[in-house]
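Visitor: start_20.pdb is the file, holding PDB, C-alpha atoms:
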```pdb
ATOM      1  CA  MET A 972     -38.529 -55.687 -73.827
ATOM      2  CA  ASP A 973     -41.863 -55.940 -71.980
ATOM      3  CA  ALA A 974     -42.592 -53.943 -68.811
ATOM      4  CA  TYR A 975     -42.265 -56.972 -66.494
ATOM      5  CA  SER A 976     -38.835 -57.846 -67.859
ATOM      6  CA  LYS A 977     -37.686 -54.246 -67.572
ATOM      7  CA  ILE A 978     -38.547 -54.193 -63.882
ATOM      8  CA  VAL A 979     -36.843 -57.495 -63.112
ATOM      9  CA  THR A 980     -33.699 -56.653 -65.072
ATOM     10  CA  SER A 981     -33.410 -53.216 -63.457
ATOM     11  CA  VAL A 982     -33.748 -54.696 -59.960
ATOM     12  CA  ALA A 983     -31.182 -57.358 -60.842
ATOM     13  CA  ALA A 984     -28.727 -54.776 -62.160
ATOM     14  CA  GLU A 985     -29.111 -52.733 -58.986
ATOM     15  CA  LEU A 986     -28.822 -55.567 -56.451
ATOM     16  CA  LEU A 987     -26.560 -58.232 -57.948
ATOM     17  CA  PRO A 988     -23.379 -56.307 -57.034
ATOM     18  CA  LYS A 989     -24.665 -55.788 -53.483
ATOM     19  CA  VAL A 990     -25.578 -59.385 -52.634
ATOM     20  CA  ALA A 991     -22.617 -61.505 -51.647
ATOM     21  CA  GLY A 992     -22.071 -65.224 -51.376
ATOM     22  CA  LEU A 993     -21.053 -66.443 -47.910
ATOM     23  CA  ARG A 994     -19.091 -69.429 -46.723
ATOM     24  CA  ALA A 995     -19.369 -69.966 -42.975
ATOM     25  CA  GLY A 996     -17.869 -73.204 -41.724
ATOM     26  CA  ARG A 997     -19.671 -75.995 -43.536
ATOM     27  CA  GLY A 998     -22.601 -73.763 -44.429
ATOM     28  CA  SER A 999     -23.146 -71.305 -47.219
ATOM     29  CA  GLY A1000     -25.669 -68.651 -48.132
ATOM     30  CA  SER A1001     -26.035 -65.024 -49.103
ATOM     31  CA  ALA A1002     -25.829 -61.579 -47.500
ATOM     32  CA  VAL A1003     -26.830 -58.032 -48.450
ATOM     33  CA  VAL A1004     -24.642 -54.949 -48.055
ATOM     34  CA  PHE A1005     -26.697 -52.369 -46.161
ATOM     35  CA  THR A1006     -24.158 -49.767 -44.951
ATOM     36  CA  ALA A1007     -21.359 -47.897 -46.655
ATOM     37  CA  ASP A1008     -18.803 -49.150 -44.127
ATOM     38  CA  GLY A1009     -19.067 -52.851 -44.872
ATOM     39  CA  PHE A1010     -21.931 -54.226 -42.775
ATOM     40  CA  LEU A1011     -24.001 -56.981 -44.373
ATOM     41  CA  LEU A1012     -27.321 -58.486 -43.327
ATOM     42  CA  THR A1013     -27.925 -62.234 -43.473
ATOM     43  CA  ASN A1014     -29.684 -65.060 -41.618
ATOM     44  CA  ALA A1015     -28.534 -66.265 -38.224
ATOM     45  CA  HIS A1016     -28.844 -69.851 -39.420
ATOM     46  CA  VAL A1017     -26.443 -69.129 -42.296
ATOM     47  CA  VAL A1018     -23.573 -68.098 -40.007
ATOM     48  CA  GLY A1019     -24.539 -70.566 -37.276
ATOM     49  CA  ARG A1020     -22.063 -70.465 -34.407
ATOM     50  CA  VAL A1021     -18.978 -69.477 -36.399
ATOM     51  CA  ARG A1022     -17.225 -66.170 -35.751
ATOM     52  CA  SER A1023     -15.835 -65.641 -39.227
ATOM     53  CA  GLY A1024     -15.909 -66.868 -42.796
ATOM     54  CA  THR A1025     -15.425 -65.747 -46.376
ATOM     55  CA  VAL A1026     -17.469 -63.429 -48.547
ATOM     56  CA  ALA A1027     -17.447 -63.092 -52.351
ATOM     57  CA  PHE A1028     -18.977 -60.360 -54.521
ATOM     58  CA  ALA A1029     -20.095 -60.374 -58.134
ATOM     59  CA  ASP A1030     -17.137 -58.225 -59.239
ATOM     60  CA  GLY A1031     -14.703 -60.911 -58.091
ATOM     61  CA  THR A1032     -13.783 -59.273 -54.790
ATOM     62  CA  SER A1033     -13.493 -61.825 -51.994
ATOM     63  CA  GLY A1034     -12.069 -62.031 -48.513
ATOM     64  CA  GLY A1035     -12.922 -62.623 -44.906
ATOM     65  CA  PHE A1036     -15.759 -61.454 -42.721
ATOM     66  CA  THR A1037     -16.403 -61.391 -39.000
ATOM     67  CA  VAL A1038     -19.750 -61.941 -37.301
ATOM     68  CA  VAL A1039     -20.820 -58.752 -35.532
ATOM     69  CA  GLY A1040     -23.935 -60.213 -33.953
ATOM     70  CA  ARG A1041     -26.610 -62.840 -34.450
ATOM     71  CA  ASP A1042     -30.161 -63.255 -33.210
ATOM     72  CA  PRO A1043     -31.608 -66.749 -33.727
ATOM     73  CA  LEU A1044     -35.046 -65.618 -32.497
ATOM     74  CA  SER A1045     -35.428 -63.384 -35.550
ATOM     75  CA  ASP A1046     -33.080 -65.460 -37.759
ATOM     76  CA  LEU A1047     -31.056 -62.320 -38.475
ATOM     77  CA  ALA A1048     -27.323 -61.712 -38.275
ATOM     78  CA  VAL A1049     -24.990 -58.850 -39.087
ATOM     79  CA  ILE A1050     -21.499 -59.459 -40.447
ATOM     80  CA  ARG A1051     -18.715 -57.093 -41.466
ATOM     81  CA  ALA A1052     -16.607 -57.657 -44.552
ATOM     82  CA  GLU A1053     -12.847 -57.273 -44.316
ATOM     83  CA  VAL A1054     -12.661 -56.217 -47.966
ATOM     84  CA  PRO A1055     -14.083 -53.178 -49.798
ATOM     85  CA  THR A1056     -17.826 -53.498 -50.409
ATOM     86  CA  PRO A1057     -20.146 -52.051 -53.074
ATOM     87  CA  GLU A1058     -22.555 -49.231 -52.364
ATOM     88  CA  PRO A1059     -25.233 -50.398 -49.947
ATOM     89  CA  ALA A1060     -28.671 -51.584 -50.928
ATOM     90  CA  VAL A1061     -31.635 -49.507 -49.833
ATOM     91  CA  LEU A1062     -33.739 -51.085 -47.071
ATOM     92  CA  GLY A1063     -37.468 -50.724 -47.703
ATOM     93  CA  ASP A1064     -40.510 -51.303 -45.527
ATOM     94  CA  SER A1065     -42.366 -54.602 -45.746
ATOM     95  CA  ASP A1066     -45.386 -53.038 -44.037
ATOM     96  CA  GLU A1067     -46.161 -51.354 -47.367
ATOM     97  CA  LEU A1068     -46.355 -54.631 -49.316
ATOM     98  CA  VAL A1069     -49.630 -55.957 -50.704
ATOM     99  CA  VAL A1070     -50.533 -59.464 -51.822
ATOM    100  CA  GLY A1071     -49.917 -59.899 -55.536
ATOM    101  CA  GLN A1072     -47.117 -57.352 -55.673
ATOM    102  CA  LEU A1073     -44.057 -58.171 -57.782
ATOM    103  CA  VAL A1074     -40.924 -59.138 -55.834
ATOM    104  CA  VAL A1075     -37.465 -60.213 -56.946
ATOM    105  CA  ALA A1076     -35.152 -62.591 -55.055
ATOM    106  CA  VAL A1077     -31.390 -62.237 -55.416
ATOM    107  CA  GLY A1078     -28.946 -64.724 -53.917
ATOM    108  CA  ASN A1079     -26.637 -67.672 -54.463
ATOM    109  CA  PRO A1080     -28.774 -70.829 -54.514
ATOM    110  CA  LEU A1081     -27.045 -74.193 -54.758
ATOM    111  CA  GLY A1082     -23.714 -72.407 -55.188
ATOM    112  CA  LEU A1083     -24.894 -70.630 -58.332
ATOM    113  CA  ALA A1084     -23.649 -67.106 -57.685
ATOM    114  CA  GLY A1085     -25.702 -64.107 -58.672
ATOM    115  CA  SER A1086     -29.008 -65.850 -59.301
ATOM    116  CA  VAL A1087     -32.236 -63.885 -59.797
ATOM    117  CA  THR A1088     -35.811 -65.159 -59.577
ATOM    118  CA  ALA A1089     -39.072 -63.236 -59.637
ATOM    119  CA  GLY A1090     -42.600 -63.781 -58.414
ATOM    120  CA  VAL A1091     -45.260 -62.148 -56.339
ATOM    121  CA  VAL A1092     -46.080 -61.668 -52.683
ATOM    122  CA  SER A1093     -48.251 -64.737 -52.144
ATOM    123  CA  GLY A1094     -49.180 -63.958 -48.561
ATOM    124  CA  LEU A1095     -48.479 -61.607 -45.671
ATOM    125  CA  GLY A1096     -48.676 -61.946 -41.926
ATOM    126  CA  ARG A1097     -47.332 -65.506 -41.857
ATOM    127  CA  SER A1098     -45.528 -66.765 -38.753
ATOM    128  CA  LEU A1099     -42.309 -68.747 -38.616
ATOM    129  CA  PRO A1100     -41.080 -70.419 -35.402
ATOM    130  CA  ALA A1101     -37.513 -69.675 -34.348
ATOM    131  CA  ARG A1102     -35.607 -71.225 -31.472
ATOM    132  CA  SER A1103     -32.646 -70.279 -29.307
ATOM    133  CA  GLY A1104     -31.912 -72.882 -26.646
ATOM    134  CA  SER A1105     -35.218 -73.548 -24.905
ATOM    135  CA  ALA A1106     -36.704 -70.191 -25.962
ATOM    136  CA  VAL A1107     -39.119 -70.290 -28.875
ATOM    137  CA  ARG A1108     -40.468 -67.214 -30.597
ATOM    138  CA  LEU A1109     -42.665 -66.698 -33.631
ATOM    139  CA  ILE A1110     -41.169 -64.425 -36.263
ATOM    140  CA  GLU A1111     -44.241 -62.398 -37.162
ATOM    141  CA  ASP A1112     -45.319 -60.826 -40.447
ATOM    142  CA  VAL A1113     -43.175 -63.214 -42.491
ATOM    143  CA  ILE A1114     -43.490 -62.658 -46.246
ATOM    144  CA  GLN A1115     -44.608 -65.577 -48.411
ATOM    145  CA  THR A1116     -43.538 -65.530 -52.059
ATOM    146  CA  ASP A1117     -43.630 -67.845 -55.056
ATOM    147  CA  ALA A1118     -40.282 -66.518 -56.300
ATOM    148  CA  ALA A1119     -38.129 -69.639 -56.524
ATOM    149  CA  LEU A1120     -35.887 -70.079 -53.466
ATOM    150  CA  ASN A1121     -33.369 -72.861 -52.912
ATOM    151  CA  PRO A1122     -30.633 -73.671 -50.371
ATOM    152  CA  GLY A1123     -28.090 -70.858 -50.632
ATOM    153  CA  ASN A1124     -30.755 -68.188 -51.142
ATOM    154  CA  SER A1125     -30.937 -67.826 -47.367
ATOM    155  CA  GLY A1126     -29.686 -64.403 -46.302
ATOM    156  CA  GLY A1127     -30.231 -62.936 -49.760
ATOM    157  CA  ALA A1128     -32.464 -60.066 -50.754
ATOM    158  CA  LEU A1129     -36.161 -60.032 -51.477
ATOM    159  CA  ALA A1130     -36.769 -56.704 -53.194
ATOM    160  CA  ASP A1131     -39.674 -54.692 -54.535
ATOM    161  CA  SER A1132     -39.885 -53.224 -58.035
ATOM    162  CA  GLU A1133     -37.718 -50.261 -57.000
ATOM    163  CA  ALA A1134     -34.912 -52.538 -55.753
ATOM    164  CA  ARG A1135     -35.645 -51.754 -52.103
ATOM    165  CA  VAL A1136     -34.903 -54.734 -49.861
ATOM    166  CA  VAL A1137     -38.171 -55.621 -48.127
ATOM    167  CA  GLY A1138     -37.209 -59.065 -46.854
ATOM    168  CA  VAL A1139     -34.341 -61.425 -46.088
ATOM    169  CA  ASN A1140     -34.969 -64.811 -47.704
ATOM    170  CA  THR A1141     -34.916 -67.455 -45.018
ATOM    171  CA  ALA A1142     -36.778 -70.672 -45.822
ATOM    172  CA  VAL A1143     -38.392 -72.886 -48.405
ATOM    173  CA  ALA A1144     -41.678 -74.226 -47.057
ATOM    174  CA  GLY A1145     -42.526 -76.270 -50.149
ATOM    175  CA  ALA A1146     -42.757 -76.103 -53.920
ATOM    176  CA  GLY A1147     -43.603 -72.532 -54.834
ATOM    177  CA  VAL A1148     -43.632 -71.394 -51.206
ATOM    178  CA  GLY A1149     -40.685 -69.291 -50.047
ATOM    179  CA  LEU A1150     -40.507 -67.270 -46.847
ATOM    180  CA  ALA A1151     -38.612 -64.102 -45.995
ATOM    181  CA  VAL A1152     -38.021 -62.272 -42.721
ATOM    182  CA  PRO A1153     -39.626 -58.837 -43.131
ATOM    183  CA  VAL A1154     -37.637 -55.610 -43.154
ATOM    184  CA  ASN A1155     -39.633 -53.198 -41.005
ATOM    185  CA  ALA A1156     -39.354 -51.104 -37.846
ATOM    186  CA  THR A1157     -38.855 -54.180 -35.652
ATOM    187  CA  THR A1158     -36.127 -55.498 -37.941
ATOM    188  CA  ARG A1159     -34.335 -52.157 -37.838
ATOM    189  CA  ALA A1160     -34.356 -52.235 -34.028
ATOM    190  CA  ILE A1161     -32.856 -55.727 -34.105
ATOM    191  CA  ILE A1162     -30.172 -54.690 -36.601
ATOM    192  CA  ALA A1163     -29.251 -51.653 -34.479
ATOM    193  CA  ALA A1164     -28.951 -53.840 -31.370
ATOM    194  CA  LEU A1165     -26.758 -56.371 -33.189
ATOM    195  CA  ILE A1166     -24.387 -53.653 -34.381
ATOM    196  CA  ARG A1167     -24.314 -51.967 -30.980
ATOM    197  CA  ASP A1168     -24.259 -54.968 -28.611
ATOM    198  CA  GLY A1169     -23.726 -58.073 -30.735
ATOM    199  CA  ARG A1170     -26.993 -59.524 -29.431
ATOM    200  CA  VAL A1171     -30.610 -58.636 -28.800
ATOM    201  CA  ARG A1172     -31.910 -58.383 -25.256
ATOM    202  CA  ARG A1173     -35.613 -59.147 -25.170
ATOM    203  CA  ALA A1174     -38.289 -58.582 -22.593
ATOM    204  CA  PHE A1175     -40.590 -61.471 -21.687
ATOM    205  CA  LEU A1176     -44.257 -60.890 -20.912
ATOM    206  CA  GLY A1177     -45.688 -64.401 -21.077
ATOM    207  CA  LEU A1178     -48.610 -64.064 -23.478
ATOM    208  CA  VAL A1179     -49.656 -66.218 -26.413
ATOM    209  CA  THR A1180     -51.926 -64.121 -28.628
ATOM    210  CA  SER A1181     -53.592 -63.922 -32.015
ATOM    211  CA  PRO A1182     -55.044 -60.905 -33.886
ATOM    212  CA  ALA A1183     -58.776 -60.375 -33.516
ATOM    213  CA  PRO A1184     -61.210 -57.808 -34.952
ATOM    214  CA  LEU A1185     -62.998 -55.579 -32.472
ATOM    215  CA  PRO A1186     -66.788 -55.512 -32.257
ATOM    216  CA  GLU A1187     -68.297 -52.404 -33.775
ATOM    217  CA  PRO A1188     -69.241 -50.697 -30.461
ATOM    218  CA  LEU A1189     -65.674 -51.143 -29.218
ATOM    219  CA  ARG A1190     -64.291 -49.843 -32.507
ATOM    220  CA  ARG A1191     -66.266 -46.654 -32.097
ATOM    221  CA  ARG A1192     -65.215 -46.353 -28.471
ATOM    222  CA  THR A1193     -61.486 -46.919 -29.003
ATOM    223  CA  GLY A1194     -60.950 -45.778 -32.579
ATOM    224  CA  GLN A1195     -59.095 -49.000 -33.497
ATOM    225  CA  ASP A1196     -60.182 -51.932 -35.654
ATOM    226  CA  SER A1197     -58.288 -54.842 -34.125
ATOM    227  CA  ALA A1198     -56.543 -56.053 -30.988
ATOM    228  CA  LEU A1199     -54.777 -59.164 -29.707
ATOM    229  CA  ARG A1200     -56.827 -61.995 -28.244
ATOM    230  CA  VAL A1201     -54.994 -63.732 -25.384
ATOM    231  CA  ALA A1202     -54.963 -67.467 -26.105
ATOM    232  CA  GLU A1203     -52.733 -68.437 -23.182
ATOM    233  CA  VAL A1204     -50.997 -66.849 -20.221
ATOM    234  CA  ILE A1205     -47.762 -68.583 -19.174
ATOM    235  CA  PRO A1206     -48.092 -69.553 -15.483
ATOM    236  CA  GLY A1207     -45.890 -67.443 -13.193
ATOM    237  CA  SER A1208     -45.056 -64.995 -15.988
ATOM    238  CA  PRO A1209     -45.223 -61.198 -15.669
ATOM    239  CA  ALA A1210     -48.548 -61.291 -17.523
ATOM    240  CA  GLY A1211     -49.898 -63.900 -15.124
ATOM    241  CA  ARG A1212     -48.773 -61.934 -12.078
ATOM    242  CA  ALA A1213     -50.430 -58.828 -13.523
ATOM    243  CA  GLY A1214     -53.764 -60.635 -13.704
ATOM    244  CA  LEU A1215     -54.123 -61.077 -17.454
ATOM    245  CA  ARG A1216     -56.338 -63.967 -18.513
ATOM    246  CA  ALA A1217     -57.018 -66.126 -21.549
ATOM    247  CA  GLY A1218     -59.800 -64.502 -23.553
ATOM    248  CA  ASP A1219     -58.738 -60.934 -22.784
ATOM    249  CA  LEU A1220     -58.510 -58.551 -25.725
ATOM    250  CA  VAL A1221     -55.295 -56.522 -25.440
ATOM    251  CA  LEU A1222     -56.125 -53.036 -26.695
ATOM    252  CA  SER A1223     -52.987 -51.128 -25.703
ATOM    253  CA  ALA A1224     -49.601 -51.607 -24.077
ATOM    254  CA  GLY A1225     -47.280 -48.871 -22.952
ATOM    255  CA  ARG A1226     -50.126 -46.455 -23.763
ATOM    256  CA  SER A1227     -49.858 -47.349 -27.460
ATOM    257  CA  ALA A1228     -52.606 -49.118 -29.402
ATOM    258  CA  VAL A1229     -52.018 -52.800 -30.094
ATOM    259  CA  GLY A1230     -53.527 -54.092 -33.310
ATOM    260  CA  ASP A1231     -51.235 -56.977 -34.177
ATOM    261  CA  ALA A1232     -48.395 -59.049 -32.763
ATOM    262  CA  GLN A1233     -45.740 -56.693 -34.126
ATOM    263  CA  ASP A1234     -47.169 -53.804 -32.108
ATOM    264  CA  LEU A1235     -46.538 -55.771 -28.932
ATOM    265  CA  GLN A1236     -43.247 -57.353 -29.982
ATOM    266  CA  ARG A1237     -41.671 -54.017 -30.869
ATOM    267  CA  LEU A1238     -42.102 -53.069 -27.196
ATOM    268  CA  MET A1239     -40.384 -56.216 -25.967
ATOM    269  CA  PHE A1240     -36.778 -55.097 -26.185
ATOM    270  CA  ALA A1241     -34.178 -54.125 -23.582
ATOM    271  CA  GLU A1242     -35.864 -50.838 -22.655
ATOM    272  CA  ALA A1243     -38.916 -52.694 -21.293
ATOM    273  CA  ILE A1244     -37.048 -55.068 -18.965
ATOM    274  CA  GLY A1245     -37.890 -54.415 -15.322
ATOM    275  CA  ARG A1246     -40.066 -51.398 -16.062
ATOM    276  CA  PRO A1247     -43.803 -51.077 -15.380
ATOM    277  CA  LEU A1248     -45.806 -51.629 -18.556
ATOM    278  CA  PRO A1249     -49.425 -50.403 -18.454
ATOM    279  CA  ILE A1250     -51.767 -52.692 -20.394
ATOM    280  CA  THR A1251     -55.437 -52.127 -21.181
ATOM    281  CA  VAL A1252     -57.633 -55.116 -22.018
ATOM    282  CA  TYR A1253     -61.292 -55.620 -22.820
ATOM    283  CA  ARG A1254     -62.852 -58.246 -20.565
ATOM    284  CA  ASN A1255     -66.495 -59.167 -20.025
ATOM    285  CA  GLY A1256     -67.749 -55.933 -21.550
ATOM    286  CA  ALA A1257     -65.452 -53.646 -19.552
ATOM    287  CA  LEU A1258     -62.040 -52.012 -19.990
ATOM    288  CA  VAL A1259     -59.521 -53.290 -17.440
ATOM    289  CA  ASP A1260     -56.136 -51.674 -16.724
ATOM    290  CA  VAL A1261     -53.229 -53.709 -15.356
ATOM    291  CA  ILE A1262     -49.526 -53.105 -14.811
ATOM    292  CA  ALA A1263     -47.042 -55.788 -15.854
ATOM    293  CA  GLU A1264     -43.285 -55.725 -15.347
ATOM    294  CA  PRO A1265     -41.513 -57.672 -18.119
ATOM    295  CA  VAL A1266     -38.391 -59.665 -17.255
ATOM    296  CA  GLU A1267     -35.449 -60.507 -19.479
ATOM    297  CA  LEU A1268     -35.927 -63.455 -21.803
ATOM    298  CA  THR A1269     -33.163 -65.888 -20.913
ATOM    299  CA  GLY A1270     -34.401 -69.102 -22.514
ATOM    300  CA  SER A1271     -35.674 -70.628 -19.279
ATOM    301  CA  GLU A1272     -39.108 -69.007 -19.455
ATOM    302  CA  LEU A1273     -40.623 -71.298 -22.074
TER
END
```
Can the structure from this file be put into C-alpha cells for me?
Guide:
Amino acid sequence: MDAYSKIVTSVAAELLPKVAGLRAGRGSGSAVVFTADGFLLTNAHVVGRVRSGTVAFADGTSGGFTVVGRDPLSDLAVIRAEVPTPEPAVLGDSDELVVGQLVVAVGNPLGLAGSVTAGVVSGLGRSLPARSGSAVRLIEDVIQTDAALNPGNSGGALADSEARVVGVNTAVAGAGVGLAVPVNATTRAIIAALIRDGRVRRAFLGLVTSPAPLPEPLRRRTGQDSALRVAEVIPGSPAGRAGLRAGDLVLSAGRSAVGDAQDLQRLMFAEAIGRPLPITVYRNGALVDVIAEPVELTGSEL
C-alpha cells in the first residue's frame, strides 16, 4: 500500500467509529464525539431548532440525543448522546494548517453512513456569512478543501494526517469546493460556552474590517506585520461613539496585538460586554488611542 493510502486508511480507522449520523426533525447530518462523557460537535444548521433527535454510530449503537446548545453565528452546536459513545476524537488546531496539506473528511453524505473522502487544504482564511435573526456575522478563517463533500457531510470531521479534527464540515460552495468551520482557540471558547450556558453571548463593537499589511516603518515601530483596516463603522455603535473612523488601522485591542479578524473576534465574547476596551489605531501617520465599550449583540444592531 502506498504512503498516501496508508495515511487515509489510518485516519479512517481512527475516526469512523467516532463520527455519528444524526437525524434531527426532517434534517440529517453528522457529528463528532469530542468528550468521554457523550458530547458531540456538529453544525447548528444540522440540528436547526429541534431539541432532540437520534444518533447512530458505526458499531450499530443508536439512540436519542438532546441539544445542549447551538450558535448559528458560528454554525456550531453541541449535542449529548443518550447512549454509550466511543472514545472521543482529538481536536486539533486549524491555525497550524498550510495550503496543500492532506485532509480527510468523514461523515454520512446522502445517507451513506461512514463515508470517507480525501483531498487537500485548497485555501485558508476564507469567510462564510452566518445569520441569526437580523444579526449577520462572518465566520472567519474558514477552511476550503477539495475533499468531496455532499449533503449529510455537514457536522462531520475534517481531519489532518494524524486524525486530529481541524474542522467541522459545513458547506459545499461548488464542485470541488467544500468549506469547514475551523477548530481553533475561538471555536474552543464557543464550545465551552455552549456546554456551560447553552448559547454564546457576544459583544458588539460595530466595525467592518479587513486584514492589511503594515508599512515597513510601522512594522519596525510596533513589531507586528499586519493589522485590521476599518472599512466601515456602524453609525451609533460603540466603535462610532469611541471615535473610530473608516480608514483607521487597528493595531491592538484590549492591549493585545490585532493582526487578523480572529484576534478581534476572540475578544468579542461575554467578558467584554459593558467593559472599557482600549483600542490603538494608526491614523494619518500617528498612533491614536480610544476607549470603546462593547454592548451585547442582540440581533438588532445590524
Visitor: Compare A:Gly1230, A:Gly1245, A:Gly1009, A:Gly1169 by their minimum atom-to-atom distance to Glu1058 in chain A, counting all atoms listed in the file, and give me the closest one.
Guide: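 Closest candidate: A:Gly1009.
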Visitor: Please write as a JSON list (two decimals) with C-alpha atoms, keeping the file's coordinate frame the full residue list that the PyMOL selection byres ((chain A and resi 1014-1016) around 12) yields on this file.
Guide:
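The file below, selection-v5.json, is the result:
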```
[["chain", "number", "residue", "atom", "x", "y", "z"],
["A", 993, "LEU", "CA", -21.05, -66.44, -47.91],
["A", 995, "ALA", "CA", -19.37, -69.97, -42.98],
["A", 996, "GLY", "CA", -17.87, -73.20, -41.72],
["A", 997, "ARG", "CA", -19.67, -76.00, -43.54],
["A", 998, "GLY", "CA", -22.60, -73.76, -44.43],
["A", 999, "SER", "CA", -23.15, -71.31, -47.22],
["A", 1000, "GLY", "CA", -25.67, -68.65, -48.13],
["A", 1001, "SER", "CA", -26.04, -65.02, -49.10],
["A", 1002, "ALA", "CA", -25.83, -61.58, -47.50],
["A", 1003, "VAL", "CA", -26.83, -58.03, -48.45],
["A", 1011, "LEU", "CA", -24.00, -56.98, -44.37],
["A", 1012, "LEU", "CA", -27.32, -58.49, -43.33],
["A", 1013, "THR", "CA", -27.92, -62.23, -43.47],
["A", 1017, "VAL", "CA", -26.44, -69.13, -42.30],
["A", 1018, "VAL", "CA", -23.57, -68.10, -40.01],
["A", 1019, "GLY", "CA", -24.54, -70.57, -37.28],
["A", 1020, "ARG", "CA", -22.06, -70.46, -34.41],
["A", 1021, "VAL", "CA", -18.98, -69.48, -36.40],
["A", 1022, "ARG", "CA", -17.23, -66.17, -35.75],
["A", 1038, "VAL", "CA", -19.75, -61.94, -37.30],
["A", 1039, "VAL", "CA", -20.82, -58.75, -35.53],
["A", 1040, "GLY", "CA", -23.94, -60.21, -33.95],
["A", 1041, "ARG", "CA", -26.61, -62.84, -34.45],
["A", 1042, "ASP", "CA", -30.16, -63.26, -33.21],
["A", 1043, "PRO", "CA", -31.61, -66.75, -33.73],
["A", 1044, "LEU", "CA", -35.05, -65.62, -32.50],
["A", 1045, "SER", "CA", -35.43, -63.38, -35.55],
["A", 1046, "ASP", "CA", -33.08, -65.46, -37.76],
["A", 1047, "LEU", "CA", -31.06, -62.32, -38.48],
["A", 1048, "ALA", "CA", -27.32, -61.71, -38.28],
["A", 1049, "VAL", "CA", -24.99, -58.85, -39.09],
["A", 1050, "ILE", "CA", -21.50, -59.46, -40.45],
["A", 1101, "ALA", "CA", -37.51, -69.68, -34.35],
["A", 1102, "ARG", "CA", -35.61, -71.22, -31.47],
["A", 1103, "SER", "CA", -32.65, -70.28, -29.31],
["A", 1122, "PRO", "CA", -30.63, -73.67, -50.37],
["A", 1123, "GLY", "CA", -28.09, -70.86, -50.63],
["A", 1124, "ASN", "CA", -30.76, -68.19, -51.14],
["A", 1125, "SER", "CA", -30.94, -67.83, -47.37],
["A", 1126, "GLY", "CA", -29.69, -64.40, -46.30],
["A", 1127, "GLY", "CA", -30.23, -62.94, -49.76],
["A", 1128, "ALA", "CA", -32.46, -60.07, -50.75],
["A", 1138, "GLY", "CA", -37.21, -59.06, -46.85],
["A", 1139, "VAL", "CA", -34.34, -61.42, -46.09],
["A", 1140, "ASN", "CA", -34.97, -64.81, -47.70],
["A", 1141, "THR", "CA", -34.92, -67.46, -45.02],
["A", 1142, "ALA", "CA", -36.78, -70.67, -45.82],
["A", 1151, "ALA", "CA", -38.61, -64.10, -46.00],
["A", 1152, "VAL", "CA", -38.02, -62.27, -42.72],
["A", 1153, "PRO", "CA", -39.63, -58.84, -43.13],
["A", 1162, "ILE", "CA", -30.17, -54.69, -36.60],
["A", 1165, "LEU", "CA", -26.76, -56.37, -33.19],
["A", 1170, "ARG", "CA", -26.99, -59.52, -29.43]]
```
Visitor: In terms of the shortest atom-to-atom distance over all atoms listed in the file, which of A:Ala1183, A:Ala1210, A:Val1113, A:Val982 is closest to Val1148 in chain A?
Guide: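 Checking each of A:Ala1183, A:Ala1210, A:Val1113, A:Val982 against Val1148 in chain A, counting all atoms listed in the file, the winner is A:Val1113.
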Visitor: Report, in Å to a single decimal, how far apart CA of Arg1192 in chain A and CA of Leu1176 in chain A are.
Guide: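 CA of Arg1192 in chain A lies 26.6 Å from CA of Leu1176 in chain A.
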Visitor: Hey, what comes out of the PyMOL selection byres ((chain A and resi 1091) around 12) on this file? Could you write it as number ranges by chain?
Guide: A: 975, 979, 1068-1076, 1088-1090, 1092-1095, 1114-1119, 1129-1132, 1147-1150
Visitor: For each of A:Ile1161, A:Leu1220, A:Ala1134, A:Ala974, take the minimum atom-to-atom distance to Pro1184 in chain A, counting all atoms listed in the file, then give the residue where this is smallest.
Guide: A:Leu1220
Visitor: With a distance cut-off of 7 Å and all atoms listed in the file, select the neighbouring residues of Asn1155 in chain A, excluding the residue or stretch itself and same-chain residues fewer than 5 positions from it, and output the selection as a list in words.
Guide: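 Once the adjacent positions are removed, what remains is Asp1064, Ser1065 and Asp1066 of chain A.
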Visitor: Just the number, please: distance in Å from CA of Gly1225 in chain A to CA of Thr1157 in chain A, one decimal.
Guide: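 CA of Gly1225 in chain A sits 16.1 Å away from CA of Thr1157 in chain A.
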Visitor: Using Å and a single decimal, report how far CA of Arg1051 in chain A sits from CA of Ala1029 in chain A.
Guide: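 Computing the Euclidean distance for CA of Ala1029 in chain A and CA of Arg1051 in chain A yields 17.0 Å.
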Visitor: Which residue out of A:Ser1181, A:Gln1236, A:Ser1086, A:Thr1037 has the minimum interatomic distance to Asn1121 in chain A when all atoms listed in the file are used?
Guide: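 Ranking A:Ser1181, A:Gln1236, A:Ser1086, A:Thr1037 by distance to Asn1121 in chain A, first place goes to A:Ser1086.
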Visitor: As a check of understanding, name the residues that the PyMOL selection byres ((chain A and resi 1254) around 10) selects in the supplied structure, as a PyMOL selection string.
Guide: chain A and resi 1215-1221+1251-1253+1255-1259
